[in-house]
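*Asks:* What follows is a structure written as structure tokens; I'll ask about it next.
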Amino acid sequence: QTKTGIALLYDEVSENAYDIRLKLTKEVLTIQKQDVVCVSGSDHSANHRTVTLRRQPVGGLGLSIKGGAEHKVPVVISKIFKNQAAEQTGMLFIGDAIIQVNGINVESATHEEVVHLLRNAGDEVTITVQYLREAPSFLKLPLGSPGPSSDHSSGTSSPLFDSGLHLNGNSTNTAPSSPSSPIANEPKYEKRWLDTLSVPLSMARISRYKTGTDKLRSNAFEVLALDGVSTGILQFYTAQESADWLRAMSTNISDLTLQNMKMANKCCSPSDQVIHMGWVNERLEGTGSSQLYKFKFLALKGSSFYIFSTPPVSTLDWVRAEKIYNLCEVLFKIHKLWLADDCWLQANLYLGIHQDFDLEDQRPYCFSVMVGHGKSHYFNVELGSELAVWEKSFQRAIFLEVQRTGSKTYMCSWQGDALCFTVDFALGFTCFDSKTKNVLWRFKFSQLKGSSDDGKTRVKLLFQNTDTKQIETKELEFQDLTAVLHCIHSFIAAKVASVDPVFIDSQSIARKYMYSN
């Protein structure tokens, strides 16, 4: 199914916006611009058309013009009146820029100069025109259906003056002149939407923010292809249109990502399948840079969580990841989900009360992945639905990895003794001497009643003795304490999920939000 619609293409340099037509298919987003094309006859180039108009006693030249050098735009035809001179030629269109009048170049002339020339050019006026494909939206030219007589004004007036040349100019001849009509063998022209850019959506990414900043574009976003080609900034007339297009494009990109995952999984062993992958923005550490965010491509595959700067396209690309972490040793956390109707959050923002560092950020859909040695990565996605998918995918990938691995053993020490600490999906926790392999203590997951750590290397685990019901404290020191604590968390969560899958679903923050909407 193809979705089409009119939008604006915003040029950040000139700060002008141009009318474009969007065409969205399952695999490609195409940007079209209007142009005048020769549909029959000898003229192969419709770039320049030279047309002779005969001024009529009633209706004059039958057109209005707008623009001029003082507005940094050429003078363009803004209206063509039905059954009058300009329309009868079949060769002039709204949006045509006037290049010459009776052989005089007017490309850098002001509005008044062109009006004066046209009004005083006599009964026969020869004009050379070229269709202005990028007519700034401030000209408010009617788009209409392609064709010379289309005069559907956009309903809003332009700051630029419309000079009507359908009034009589200085005509010397008062006798009715023969109408300006197309001759049989003359070339025929039509205004059409022509493809100017096609952006493949496979592995494409969308951004609603000004590059690298927290500044959200109003009703606008940009689509970037895998090879970096950008659509430019697509601007929409209403927030609803912008949201509809954003959702439609995101859906198509997700569907294509799913196809890519299925292809990749055909070449991978059952224990090394891709669970989920996609684009996110990562917040950069340190505020010294003007770039607060950078695009990153994340993947959950087999036993690992990957961070790439560009997506893996071939099997060999998986080794080029910027970072690779073991899934048992990471912790996924939703940081912020802005709900439009979340009065509590709105009030806090209004009063400037920041509960924690999460609210410093202007971006709504954020999550972090905490990794070993107390480090973490902070990410943002464009839509709430994407956040829900990442949450569910991390859970699934971690649970699968825990079940596949079965157990993980870490070197540790206590009071100078070299020990081993094992987290086992079936048995729970075991601590044994690394030299003699003698088991020092063993507890089930259900016996762990609490823990505390010094944030560096040392942890206290509080277990309840099943016989005496007394709490026993076990202290251990690890080189990478964070990784061990994440691993304990992953194993316990996977254990709970295997016993009670509904409980895990009930804990989902993002999905609760998705369903309530």
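In the structure tokens, chains take the letters A, B, ... in the order shown, each chain's residues start at 1, and ligands count up from 1 in the order shown.
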Need to verify the contact set: A:Glu12, 12 Å, only C-alpha atoms, exclusion of same-chain residues closer than 4 positions in sequence. Can you return it as a PyMOL selection string?
*Replies:* chain A and resi 16-18+210-211+217+232-235
*Asks:* Would you save the residues of that selection, restricted to N, CA and C atoms, as an mmCIF file, in the first residue's frame?
*Replies:*
data_model
loop_
_atom_site.group_PDB
_atom_site.id
_atom_site.type_symbol
_atom_site.label_atom_id
_atom_site.label_comp_id
_atom_site.auth_asym_id
_atom_site.auth_seq_id
_atom_site.Cartn_x
_atom_site.Cartn_y
_atom_site.Cartn_z
ATOM 1 N N ASN A 16 14.029 28.817 3.806
ATOM 2 C CA ASN A 16 12.819 28.742 2.986
ATOM 3 C C ASN A 16 12.290 27.314 3.014
ATOM 4 N N ALA A 17 10.998 27.171 2.754
ATOM 5 C CA ALA A 17 10.403 25.840 2.652
ATOM 6 C C ALA A 17 9.750 25.719 1.281
ATOM 7 N N TYR A 18 9.850 24.534 0.678
ATOM 8 C CA TYR A 18 9.327 24.305 -0.672
ATOM 9 C C TYR A 18 8.262 23.218 -0.638
ATOM 10 N N LYS A 210 16.994 18.607 16.128
ATOM 11 C CA LYS A 210 18.068 19.302 15.417
ATOM 12 C C LYS A 210 19.343 18.554 15.754
ATOM 13 N N THR A 211 20.181 18.318 14.745
ATOM 14 C CA THR A 211 21.331 17.420 14.852
ATOM 15 C C THR A 211 22.068 17.510 16.182
ATOM 16 N N ARG A 217 12.191 19.504 16.603
ATOM 17 C CA ARG A 217 11.631 20.270 15.487
ATOM 18 C C ARG A 217 10.111 20.248 15.599
ATOM 19 N N GLY A 232 16.408 15.603 3.842
ATOM 20 C CA GLY A 232 16.271 16.998 4.240
ATOM 21 C C GLY A 232 15.158 17.051 5.279
ATOM 22 N N ILE A 233 14.839 18.242 5.740
ATOM 23 C CA ILE A 233 13.842 18.354 6.813
ATOM 24 C C ILE A 233 12.448 18.415 6.221
ATOM 25 N N LEU A 234 11.652 17.386 6.539
ATOM 26 C CA LEU A 234 10.275 17.308 6.043
ATOM 27 C C LEU A 234 9.373 17.986 7.060
ATOM 28 N N GLN A 235 8.667 19.001 6.595
ATOM 29 C CA GLN A 235 7.818 19.774 7.500
ATOM 30 C C GLN A 235 6.354 19.539 7.138
#
*Asks:* Within stretch 191-329 of chain A, find each residue whose DSSP state, derived from the backbone, is alpha helix (DSSP H), and express the selection as a PyMOL selection string.
*Replies:* chain A and resi 239-266
*Asks:* Using only C-alpha atoms, pick whichever of A:Gln100, A:Ala220, A:Val115, A:Ile80 has the shortest atom-to-atom distance to A:Ala7.
*Replies:*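 Counting only C-alpha atoms, the residue closest to A:Ala7 is A:Ala220.
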*Asks:* When distances are computed from only C-alpha atoms, which of A:Ala109, A:Ala135, A:Ala69, A:Ile307 shows the smallest separation from A:Ile20?
*Replies:*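 The answer is A:Ala135, which sits nearest to A:Ile20.
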*Asks:* Considering only C-alpha atoms, can you say which of A:Ala248, A:Met203, A:Val330, A:Ile6 comes closest to A:Ser376?
*Replies:*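 Looking only at the distances to A:Ser376, the closest residue turns out to be A:Val330.
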